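Colleague: The structure file model.csv (CSV, N, CA and C atoms) is provided below.
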```csv
chain,number,residue,atom,x,y,z
A,747,MET,N,9.7,-125.9,-105.7
A,747,MET,CA,9.1,-126.4,-106.9
A,747,MET,C,9.1,-127.9,-106.8
A,748,ILE,N,8.0,-128.5,-107.1
A,748,ILE,CA,7.9,-130.0,-107.2
A,748,ILE,C,7.6,-130.4,-108.6
A,749,GLU,N,8.4,-131.2,-109.1
A,749,GLU,CA,8.1,-131.7,-110.5
A,749,GLU,C,7.3,-133.0,-110.4
A,750,GLU,N,6.2,-133.0,-111.1
A,750,GLU,CA,5.3,-134.1,-111.1
A,750,GLU,C,5.4,-134.8,-112.5
A,751,TYR,N,6.0,-135.9,-112.6
A,751,TYR,CA,6.3,-136.6,-113.9
A,751,TYR,C,5.0,-136.9,-114.6
A,752,ASP,N,3.9,-137.1,-113.9
A,752,ASP,CA,2.7,-137.5,-114.6
A,752,ASP,C,2.0,-136.3,-115.2
A,753,LEU,N,2.5,-135.1,-115.1
A,753,LEU,CA,2.0,-133.9,-115.8
A,753,LEU,C,2.7,-133.8,-117.2
A,754,ARG,N,3.4,-134.8,-117.6
A,754,ARG,CA,4.1,-134.7,-118.9
A,754,ARG,C,3.1,-134.7,-120.0
A,755,GLU,N,3.5,-134.3,-121.2
A,755,GLU,CA,2.7,-134.3,-122.4
A,755,GLU,C,2.3,-135.7,-122.8
A,756,ILE,N,1.2,-135.9,-123.5
A,756,ILE,CA,0.8,-137.2,-124.0
A,756,ILE,C,1.9,-137.8,-124.8
A,757,MET,N,2.1,-139.1,-124.6
A,757,MET,CA,3.1,-139.9,-125.3
A,757,MET,C,2.6,-140.2,-126.7
A,758,ALA,N,3.3,-139.7,-127.7
A,758,ALA,CA,2.9,-139.8,-129.1
A,758,ALA,C,3.4,-141.1,-129.7
A,759,GLY,N,4.2,-141.9,-129.0
A,759,GLY,CA,4.7,-143.2,-129.5
A,759,GLY,C,5.3,-143.1,-130.9
A,760,ASP,N,4.9,-143.9,-131.8
A,760,ASP,CA,5.4,-143.9,-133.2
A,760,ASP,C,5.1,-142.7,-134.0
A,761,TRP,N,4.2,-141.8,-133.4
A,761,TRP,CA,3.9,-140.6,-134.1
A,761,TRP,C,4.9,-139.5,-133.8
A,762,GLU,N,5.8,-139.7,-132.9
A,762,GLU,CA,6.8,-138.7,-132.6
A,762,GLU,C,7.5,-138.3,-133.9
A,763,GLY,N,7.7,-137.1,-134.1
A,763,GLY,CA,8.4,-136.6,-135.3
A,763,GLY,C,7.5,-136.3,-136.5
A,764,ILE,N,6.2,-136.8,-136.5
A,764,ILE,CA,5.4,-136.4,-137.7
A,764,ILE,C,4.9,-135.0,-137.4
A,765,PRO,N,4.5,-134.3,-138.5
A,765,PRO,CA,3.9,-132.9,-138.3
A,765,PRO,C,2.8,-132.9,-137.2
A,766,TYR,N,2.8,-131.9,-136.4
A,766,TYR,CA,1.8,-131.8,-135.3
A,766,TYR,C,0.4,-131.9,-135.8
A,767,MET,N,0.1,-131.2,-136.9
A,767,MET,CA,-1.3,-131.1,-137.4
A,767,MET,C,-1.7,-132.5,-137.9
A,768,ASP,N,-0.8,-133.4,-138.4
A,768,ASP,CA,-1.1,-134.7,-138.8
A,768,ASP,C,-1.5,-135.6,-137.6
A,769,ALA,N,-0.7,-135.5,-136.5
A,769,ALA,CA,-1.0,-136.2,-135.3
A,769,ALA,C,-2.3,-135.7,-134.7
A,770,ARG,N,-2.5,-134.4,-134.7
A,770,ARG,CA,-3.7,-133.8,-134.1
A,770,ARG,C,-4.9,-134.4,-134.8
A,771,GLN,N,-4.9,-134.4,-136.2
A,771,GLN,CA,-6.0,-134.9,-136.9
A,771,GLN,C,-6.2,-136.4,-136.6
A,772,ARG,N,-5.2,-137.2,-136.5
A,772,ARG,CA,-5.3,-138.6,-136.2
A,772,ARG,C,-6.0,-138.8,-134.8
A,773,TRP,N,-5.6,-138.0,-133.8
A,773,TRP,CA,-6.2,-138.1,-132.5
A,773,TRP,C,-7.7,-137.7,-132.7
A,774,ALA,N,-8.0,-136.6,-133.4
A,774,ALA,CA,-9.4,-136.1,-133.6
A,774,ALA,C,-10.2,-137.2,-134.3
A,775,ASP,N,-9.6,-138.0,-135.1
A,775,ASP,CA,-10.3,-139.1,-135.8
A,775,ASP,C,-10.5,-140.3,-135.0
A,776,GLY,N,-10.0,-140.3,-133.7
A,776,GLY,CA,-10.1,-141.4,-132.8
A,776,GLY,C,-9.0,-142.4,-132.8
A,777,GLN,N,-8.0,-142.1,-133.6
A,777,GLN,CA,-6.9,-143.1,-133.7
A,777,GLN,C,-6.0,-142.9,-132.4
A,778,SER,N,-5.3,-144.0,-132.1
A,778,SER,CA,-4.3,-144.0,-131.0
A,778,SER,C,-2.9,-144.3,-131.6
A,779,PRO,N,-1.9,-143.6,-131.1
A,779,PRO,CA,-0.6,-143.8,-131.7
A,779,PRO,C,0.0,-145.2,-131.2
A,780,PRO,N,0.5,-145.9,-132.2
A,780,PRO,CA,1.2,-147.2,-131.8
A,780,PRO,C,2.3,-146.9,-130.8
A,781,ASN,N,2.4,-147.7,-129.7
A,781,ASN,CA,3.4,-147.5,-128.7
A,781,ASN,C,3.3,-146.2,-128.0
A,782,GLY,N,2.1,-145.6,-128.0
A,782,GLY,CA,1.9,-144.3,-127.3
A,782,GLY,C,0.7,-144.4,-126.4
A,783,GLU,N,0.2,-143.2,-126.0
A,783,GLU,CA,-1.0,-143.1,-125.1
A,783,GLU,C,-2.2,-142.8,-125.9
A,784,ASN,N,-3.4,-143.3,-125.5
A,784,ASN,CA,-4.7,-142.8,-126.1
A,784,ASN,C,-5.3,-141.9,-125.0
A,785,LEU,N,-6.4,-141.3,-125.3
A,785,LEU,CA,-7.1,-140.4,-124.3
A,785,LEU,C,-7.5,-141.1,-123.0
A,786,ASP,N,-7.9,-142.4,-123.1
A,786,ASP,CA,-8.2,-143.1,-121.9
A,786,ASP,C,-7.0,-143.2,-120.9
A,787,MET,N,-5.8,-143.5,-121.5
A,787,MET,CA,-4.6,-143.6,-120.7
A,787,MET,C,-4.2,-142.2,-120.2
A,788,LEU,N,-4.3,-141.2,-121.0
A,788,LEU,CA,-4.0,-139.8,-120.5
A,788,LEU,C,-4.9,-139.4,-119.4
A,789,ALA,N,-6.2,-139.7,-119.6
A,789,ALA,CA,-7.2,-139.3,-118.6
A,789,ALA,C,-7.0,-140.0,-117.2
A,790,LYS,N,-6.6,-141.3,-117.3
A,790,LYS,CA,-6.3,-142.0,-116.1
A,790,LYS,C,-5.1,-141.4,-115.4
A,791,ARG,N,-4.1,-141.0,-116.1
A,791,ARG,CA,-2.9,-140.4,-115.5
A,791,ARG,C,-3.3,-139.1,-114.9
A,792,MET,N,-4.1,-138.3,-115.6
A,792,MET,CA,-4.5,-137.0,-115.2
A,792,MET,C,-5.3,-137.1,-113.9
A,793,LYS,N,-6.2,-138.1,-113.8
A,793,LYS,CA,-7.0,-138.2,-112.6
A,793,LYS,C,-6.1,-138.5,-111.4
A,794,GLY,N,-5.1,-139.4,-111.6
A,794,GLY,CA,-4.3,-139.8,-110.5
A,794,GLY,C,-3.4,-138.6,-110.0
A,795,ILE,N,-2.9,-137.8,-110.9
A,795,ILE,CA,-2.0,-136.7,-110.5
A,795,ILE,C,-2.8,-135.6,-109.9
A,796,PHE,N,-4.0,-135.3,-110.5
A,796,PHE,CA,-4.8,-134.2,-110.0
A,796,PHE,C,-5.4,-134.5,-108.6
A,797,THR,N,-5.7,-135.8,-108.4
A,797,THR,CA,-6.2,-136.3,-107.1
A,797,THR,C,-5.1,-136.1,-106.1
A,798,LYS,N,-3.8,-136.4,-106.4
A,798,LYS,CA,-2.7,-136.3,-105.6
A,798,LYS,C,-2.5,-134.8,-105.2
A,799,ILE,N,-2.5,-134.0,-106.2
A,799,ILE,CA,-2.2,-132.5,-106.0
A,799,ILE,C,-3.3,-131.9,-105.2
A,800,LEU,N,-4.6,-132.1,-105.5
A,800,LEU,CA,-5.7,-131.4,-104.9
A,800,LEU,C,-6.0,-131.9,-103.5
A,801,SER,N,-5.5,-133.2,-103.2
A,801,SER,CA,-5.8,-133.7,-101.8
A,801,SER,C,-4.6,-133.4,-100.9
A,802,ASN,N,-3.6,-132.9,-101.3
A,802,ASN,CA,-2.4,-132.6,-100.5
A,802,ASN,C,-2.5,-131.2,-99.8
A,803,PRO,N,-2.6,-131.2,-98.5
A,803,PRO,CA,-2.8,-129.9,-97.8
A,803,PRO,C,-1.6,-128.9,-98.0
A,804,ASN,N,-0.5,-129.5,-98.4
A,804,ASN,CA,0.7,-128.6,-98.6
A,804,ASN,C,0.6,-127.8,-99.9
A,805,TYR,N,-0.3,-128.2,-100.8
A,805,TYR,CA,-0.5,-127.5,-102.0
A,805,TYR,C,-1.6,-126.5,-101.8
A,806,GLU,N,-1.3,-125.3,-101.3
A,806,GLU,CA,-2.4,-124.3,-101.0
A,806,GLU,C,-3.0,-123.8,-102.3
A,807,MET,N,-2.2,-123.4,-103.3
A,807,MET,CA,-2.6,-123.1,-104.6
A,807,MET,C,-1.6,-123.5,-105.6
A,808,PRO,N,-1.7,-124.7,-106.1
A,808,PRO,CA,-0.7,-125.2,-107.0
A,808,PRO,C,-0.6,-124.4,-108.3
A,809,PHE,N,0.6,-124.2,-108.8
A,809,PHE,CA,0.9,-123.6,-110.1
A,809,PHE,C,1.4,-124.8,-110.9
A,810,ILE,N,0.7,-125.0,-112.0
A,810,ILE,CA,1.0,-126.2,-112.8
A,810,ILE,C,1.4,-125.7,-114.2
A,811,ALA,N,2.6,-126.1,-114.7
A,811,ALA,CA,3.0,-125.8,-116.0
A,811,ALA,C,2.9,-127.1,-116.8
A,812,ALA,N,2.2,-127.0,-117.9
A,812,ALA,CA,2.0,-128.3,-118.7
A,812,ALA,C,1.5,-127.9,-120.1
A,813,HIS,N,1.5,-128.9,-120.9
A,813,HIS,CA,1.1,-128.8,-122.3
A,813,HIS,C,-0.4,-128.8,-122.4
A,814,GLY,N,-0.9,-128.1,-123.4
A,814,GLY,CA,-2.4,-128.0,-123.6
A,814,GLY,C,-3.1,-129.3,-123.8
A,815,ARG,N,-2.4,-130.3,-124.3
A,815,ARG,CA,-3.0,-131.6,-124.6
A,815,ARG,C,-3.5,-132.2,-123.3
A,816,LEU,N,-2.9,-131.8,-122.1
A,816,LEU,CA,-3.4,-132.3,-120.9
A,816,LEU,C,-4.8,-131.9,-120.6
A,817,LEU,N,-5.2,-130.7,-121.1
A,817,LEU,CA,-6.5,-130.3,-120.9
A,817,LEU,C,-7.5,-131.2,-121.7
A,818,ASN,N,-7.1,-131.7,-122.8
A,818,ASN,CA,-7.9,-132.7,-123.5
A,818,ASN,C,-8.1,-134.0,-122.6
A,819,GLY,N,-7.1,-134.3,-121.9
A,819,GLY,CA,-7.2,-135.4,-120.9
A,819,GLY,C,-8.2,-135.1,-119.9
A,820,LEU,N,-8.3,-133.9,-119.4
A,820,LEU,CA,-9.3,-133.5,-118.4
A,820,LEU,C,-10.7,-133.5,-119.0
A,821,ASP,N,-10.8,-133.1,-120.3
A,821,ASP,CA,-12.1,-133.2,-120.9
A,821,ASP,C,-12.6,-134.6,-121.0
A,822,HIS,N,-11.7,-135.5,-121.4
A,822,HIS,CA,-12.0,-136.9,-121.5
A,822,HIS,C,-12.4,-137.5,-120.2
A,823,LEU,N,-11.7,-137.1,-119.1
A,823,LEU,CA,-11.9,-137.6,-117.8
A,823,LEU,C,-13.4,-137.2,-117.3
A,824,PHE,N,-13.8,-136.0,-117.8
A,824,PHE,CA,-15.1,-135.6,-117.3
A,824,PHE,C,-16.2,-135.9,-118.4
A,825,GLY,N,-15.9,-136.7,-119.4
A,825,GLY,CA,-16.9,-137.1,-120.4
A,825,GLY,C,-17.2,-136.1,-121.4
A,826,ILE,N,-16.3,-135.2,-121.7
A,826,ILE,CA,-16.5,-134.1,-122.6
A,826,ILE,C,-15.7,-134.4,-123.9
A,827,ALA,N,-16.3,-134.3,-125.0
A,827,ALA,CA,-15.5,-134.5,-126.3
A,827,ALA,C,-14.3,-133.6,-126.3
A,828,PRO,N,-13.1,-134.1,-126.6
A,828,PRO,CA,-12.0,-133.2,-126.7
A,828,PRO,C,-12.2,-132.1,-127.8
A,829,ARG,N,-11.8,-131.0,-127.4
A,829,ARG,CA,-11.9,-129.8,-128.2
A,829,ARG,C,-10.6,-129.4,-128.8
A,830,SER,N,-10.7,-128.5,-129.8
A,830,SER,CA,-9.5,-127.9,-130.4
A,830,SER,C,-9.3,-126.7,-129.5
A,831,LEU,N,-8.6,-126.9,-128.4
A,831,LEU,CA,-8.4,-125.8,-127.5
A,831,LEU,C,-7.5,-124.7,-128.1
A,832,GLN,N,-7.9,-123.5,-127.8
A,832,GLN,CA,-7.2,-122.3,-128.3
A,832,GLN,C,-6.3,-121.8,-127.1
A,833,ILE,N,-5.2,-122.5,-126.9
A,833,ILE,CA,-4.3,-122.1,-125.8
A,833,ILE,C,-3.0,-121.6,-126.5
A,834,GLU,N,-2.6,-120.4,-126.1
A,834,GLU,CA,-1.4,-119.9,-126.6
A,834,GLU,C,-0.2,-120.4,-125.9
A,835,ASN,N,0.9,-120.4,-126.6
A,835,ASN,CA,2.2,-120.8,-126.0
A,835,ASN,C,2.5,-120.0,-124.7
A,836,CYS,N,2.7,-120.6,-123.6
A,836,CYS,CA,3.0,-120.0,-122.3
A,836,CYS,C,1.9,-119.2,-121.7
A,837,GLN,N,0.7,-119.6,-122.1
A,837,GLN,CA,-0.5,-119.0,-121.6
A,837,GLN,C,-0.7,-119.4,-120.1
A,838,LEU,N,-1.1,-118.5,-119.3
A,838,LEU,CA,-1.4,-118.8,-117.9
A,838,LEU,C,-2.9,-119.0,-117.7
A,839,LEU,N,-3.3,-120.1,-117.1
A,839,LEU,CA,-4.7,-120.4,-116.8
A,839,LEU,C,-4.9,-120.6,-115.3
A,840,LYS,N,-6.0,-120.1,-114.8
A,840,LYS,CA,-6.4,-120.4,-113.4
A,840,LYS,C,-7.6,-121.3,-113.4
A,841,PHE,N,-7.5,-122.3,-112.6
A,841,PHE,CA,-8.6,-123.3,-112.5
A,841,PHE,C,-9.2,-123.0,-111.1
A,842,ALA,N,-10.5,-122.7,-111.0
A,842,ALA,CA,-11.1,-122.5,-109.7
A,842,ALA,C,-12.3,-123.4,-109.6
A,843,PRO,N,-12.4,-124.1,-108.5
A,843,PRO,CA,-13.5,-125.0,-108.3
A,843,PRO,C,-14.8,-124.3,-108.5
A,844,THR,N,-15.8,-124.9,-109.1
A,844,THR,CA,-17.1,-124.3,-109.2
A,844,THR,C,-18.2,-125.1,-108.6
A,845,GLU,N,-19.2,-124.5,-108.2
A,845,GLU,CA,-20.4,-125.2,-107.6
A,845,GLU,C,-21.6,-125.1,-108.6
A,846,ASN,N,-21.3,-124.6,-109.8
A,846,ASN,CA,-22.3,-124.5,-110.8
A,846,ASN,C,-22.7,-125.9,-111.3
A,847,ILE,N,-23.8,-126.4,-110.8
A,847,ILE,CA,-24.1,-127.8,-111.2
A,847,ILE,C,-24.6,-128.0,-112.6
A,848,SER,N,-24.8,-126.9,-113.3
A,848,SER,CA,-25.2,-127.0,-114.7
A,848,SER,C,-24.0,-127.3,-115.6
A,849,LYS,N,-22.8,-127.1,-115.1
A,849,LYS,CA,-21.6,-127.4,-115.9
A,849,LYS,C,-21.1,-128.8,-115.8
A,850,HIS,N,-20.5,-129.3,-116.8
A,850,HIS,CA,-20.0,-130.7,-116.8
A,850,HIS,C,-18.6,-130.6,-116.2
A,851,TYR,N,-17.9,-129.5,-116.3
A,851,TYR,CA,-16.5,-129.4,-115.9
A,851,TYR,C,-16.5,-128.8,-114.5
A,852,PRO,N,-15.8,-129.4,-113.5
A,852,PRO,CA,-15.9,-128.9,-112.2
A,852,PRO,C,-15.1,-127.7,-111.9
A,853,PHE,N,-14.6,-127.0,-112.9
A,853,PHE,CA,-13.8,-125.8,-112.7
A,853,PHE,C,-14.3,-124.6,-113.5
A,854,ASP,N,-14.1,-123.4,-113.0
A,854,ASP,CA,-14.2,-122.2,-113.9
A,854,ASP,C,-12.7,-122.0,-114.3
A,855,VAL,N,-12.5,-121.7,-115.5
A,855,VAL,CA,-11.1,-121.5,-116.0
A,855,VAL,C,-11.0,-120.1,-116.5
A,856,TYR,N,-9.9,-119.4,-116.1
A,856,TYR,CA,-9.6,-118.1,-116.4
A,856,TYR,C,-8.3,-117.9,-117.1
A,857,SER,N,-8.2,-117.1,-118.1
A,857,SER,CA,-7.0,-116.7,-118.8
A,857,SER,C,-6.4,-115.5,-118.0
A,858,LEU,N,-5.1,-115.6,-117.6
A,858,LEU,CA,-4.5,-114.6,-116.9
A,858,LEU,C,-3.5,-113.8,-117.8
A,859,SER,N,-3.5,-112.5,-117.5
A,859,SER,CA,-2.5,-111.6,-118.2
A,859,SER,C,-2.1,-110.5,-117.3
A,860,MET,N,-1.1,-109.8,-117.7
A,860,MET,CA,-0.6,-108.6,-116.9
A,860,MET,C,-1.1,-107.4,-117.7
A,861,GLU,N,-1.7,-106.5,-116.9
A,861,GLU,CA,-2.1,-105.2,-117.5
A,861,GLU,C,-1.8,-104.1,-116.5
A,862,GLU,N,-0.9,-103.2,-116.9
A,862,GLU,CA,-0.5,-102.1,-116.1
A,862,GLU,C,0.0,-102.5,-114.8
A,863,GLY,N,0.8,-103.6,-114.8
A,863,GLY,CA,1.4,-104.1,-113.5
A,863,GLY,C,0.5,-104.9,-112.6
A,864,HIS,N,-0.7,-105.2,-113.1
A,864,HIS,CA,-1.7,-106.0,-112.3
A,864,HIS,C,-2.1,-107.2,-113.1
A,865,ILE,N,-2.4,-108.3,-112.3
A,865,ILE,CA,-2.8,-109.5,-112.9
A,865,ILE,C,-4.3,-109.3,-113.3
A,866,HIS,N,-4.6,-109.6,-114.5
A,866,HIS,CA,-6.0,-109.5,-115.0
A,866,HIS,C,-6.5,-110.9,-115.4
A,867,GLU,N,-7.7,-111.2,-115.0
A,867,GLU,CA,-8.2,-112.6,-115.3
A,867,GLU,C,-9.6,-112.4,-116.0
A,868,GLU,N,-9.8,-113.2,-117.0
A,868,GLU,CA,-11.1,-113.2,-117.7
A,868,GLU,C,-11.4,-114.7,-118.0
A,869,PRO,N,-12.7,-115.0,-118.1
A,869,PRO,CA,-13.0,-116.4,-118.4
A,869,PRO,C,-12.4,-116.9,-119.7
A,870,ALA,N,-11.8,-118.0,-119.7
A,870,ALA,CA,-11.3,-118.6,-120.9
A,870,ALA,C,-12.5,-118.9,-121.8
A,871,PRO,N,-12.5,-118.4,-123.0
A,871,PRO,CA,-13.7,-118.6,-123.9
A,871,PRO,C,-14.1,-120.1,-124.1
A,872,TRP,N,-13.1,-121.0,-124.1
A,872,TRP,CA,-13.4,-122.4,-124.4
A,872,TRP,C,-13.9,-123.1,-123.1
A,873,SER,N,-13.8,-122.5,-122.0
A,873,SER,CA,-14.1,-123.2,-120.7
A,873,SER,C,-15.6,-123.1,-120.4
A,874,GLN,N,-16.4,-122.4,-121.2
A,874,GLN,CA,-17.8,-122.2,-120.8
A,874,GLN,C,-18.6,-123.4,-121.3
A,875,ILE,N,-18.5,-124.4,-120.6
A,875,ILE,CA,-19.2,-125.7,-121.0
A,875,ILE,C,-20.5,-125.8,-120.2
```
Can the structure from this file be put into structure tokens for me?

Modeller:
Amino acid sequence: MIEEYDLREIMAGDWEGIPYMDARQRWADGQSPPNGENLDMLAKRMKGIFTKILSNPNYEMPFIAAHGRLLNGLDHLFGIAPRSLQIENCQLLKFAPTENISKHYPFDVYSLSMEEGHIHEEPAPWSQI
């Protein structure tokens, strides 16, 4: 296992400790937390770490455990307005490169689950951009 520090949650700065829904609304309203990260900063960090991971031949198929807010960073990186992602706690997602040029997002994203001892994957409903 390799821990990548740059896959940490967005830094909420002075908003740390306020109710999550309040911070979420502030981000949705385009505010940035004092002494924290905005979406530009998060997207820049995401681009650097994903470039590092995806360009390393030792990462055949990386497994990444991270907070859902990081997906907002990916959205921002690819010029997509951040969404209210419906990601469950401990949800497993599979990102597969796509060559579908009609999509803005360069991945097909699948939700993974176990059914009768087998891994089942279905397209994540929010990933159909």

Colleague: Near A:Glu750, within 10 Å and counting only C-alpha atoms, which residues show up once chain neighbours fewer than 6 positions away are dropped, as a PyMOL selection string?

Modeller: chain A and resi 795+798-799+810-811

Colleague: Grab the atom C of A:Leu817 to atom C of A:Asn802 distance for me, in Å with one decimal place.

Modeller: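 Interatomic distance, atom C of A:Leu817 to atom C of A:Asn802: 22.5 Å.
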
Colleague: Excluding A:Tyr856 and any residue of its chain fewer than 2 positions from it, enumerate the residues within 6.5 Å of it, using only N, CA and C atoms, and give them as a list in words.

Modeller: Leu838, Leu839, Lys840, Phe841, Ala842, Asp854, Leu858, Glu867, Glu868, Pro869 and Ala870 of chain A

Colleague: Hey, which of A:Lys790, A:His866, A:Arg770, A:Arg815 ends up closest to A:Arg754? Count all atoms listed in the file.

Modeller: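 Of all the options, A:Arg815 lies closest to A:Arg754.
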
Colleague: Just asking: which residues within chain A are helix (DSSP H, G or I) according to DSSP, as a VMD selection string?

Modeller: chain A and resid 751 to 753 759 to 761 766 to 774 785 to 801 815 to 823 871 to 873

Colleague: Kindly give the distance, in Å, that separates atom C of A:Val855 and atom CA of A:Gln837, rounded to a single decimal.

Modeller: 11.7 Å

Colleague: Could you pull the residues within 8 Å of A:Asp786, counting all atoms listed in the file, minus those fewer than 4 positions along the same chain, as a ChimeraX atom specification?

Modeller: /A:790-792,819,822-823

Colleague: Using only C-alpha atoms, which protein or nucleic acid residues come within 8 Å of A:Leu820? Drop anything in the same chain fewer than 4 positions from it, and give the result as a ChimeraX atom specification.

Modeller: /A:789,792-793,816,824

Colleague: Would you mind reading off the distance between atom N of A:Thr844 and atom N of A:Leu800, one decimal, in Å?

Modeller: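 Separation between atom N of A:Thr844 and atom N of A:Leu800: 13.8 Å.
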
Colleague: Can you pull out every residue from chain A that DSSP, working from the backbone, puts in strand (DSSP E), and format the result as a ChimeraX atom specification?

Modeller: /A:838-843,853-861,864-869

Colleague: Neighbouring residues of A:Ser778 were defined as those with any atom within 8 Å, considering only N, CA and C atoms; residues of the same chain fewer than 5 positions away were excluded. Please report them as an MDAnalysis selection string.

Modeller: chainID A and resid 758:761 772:773 783:785
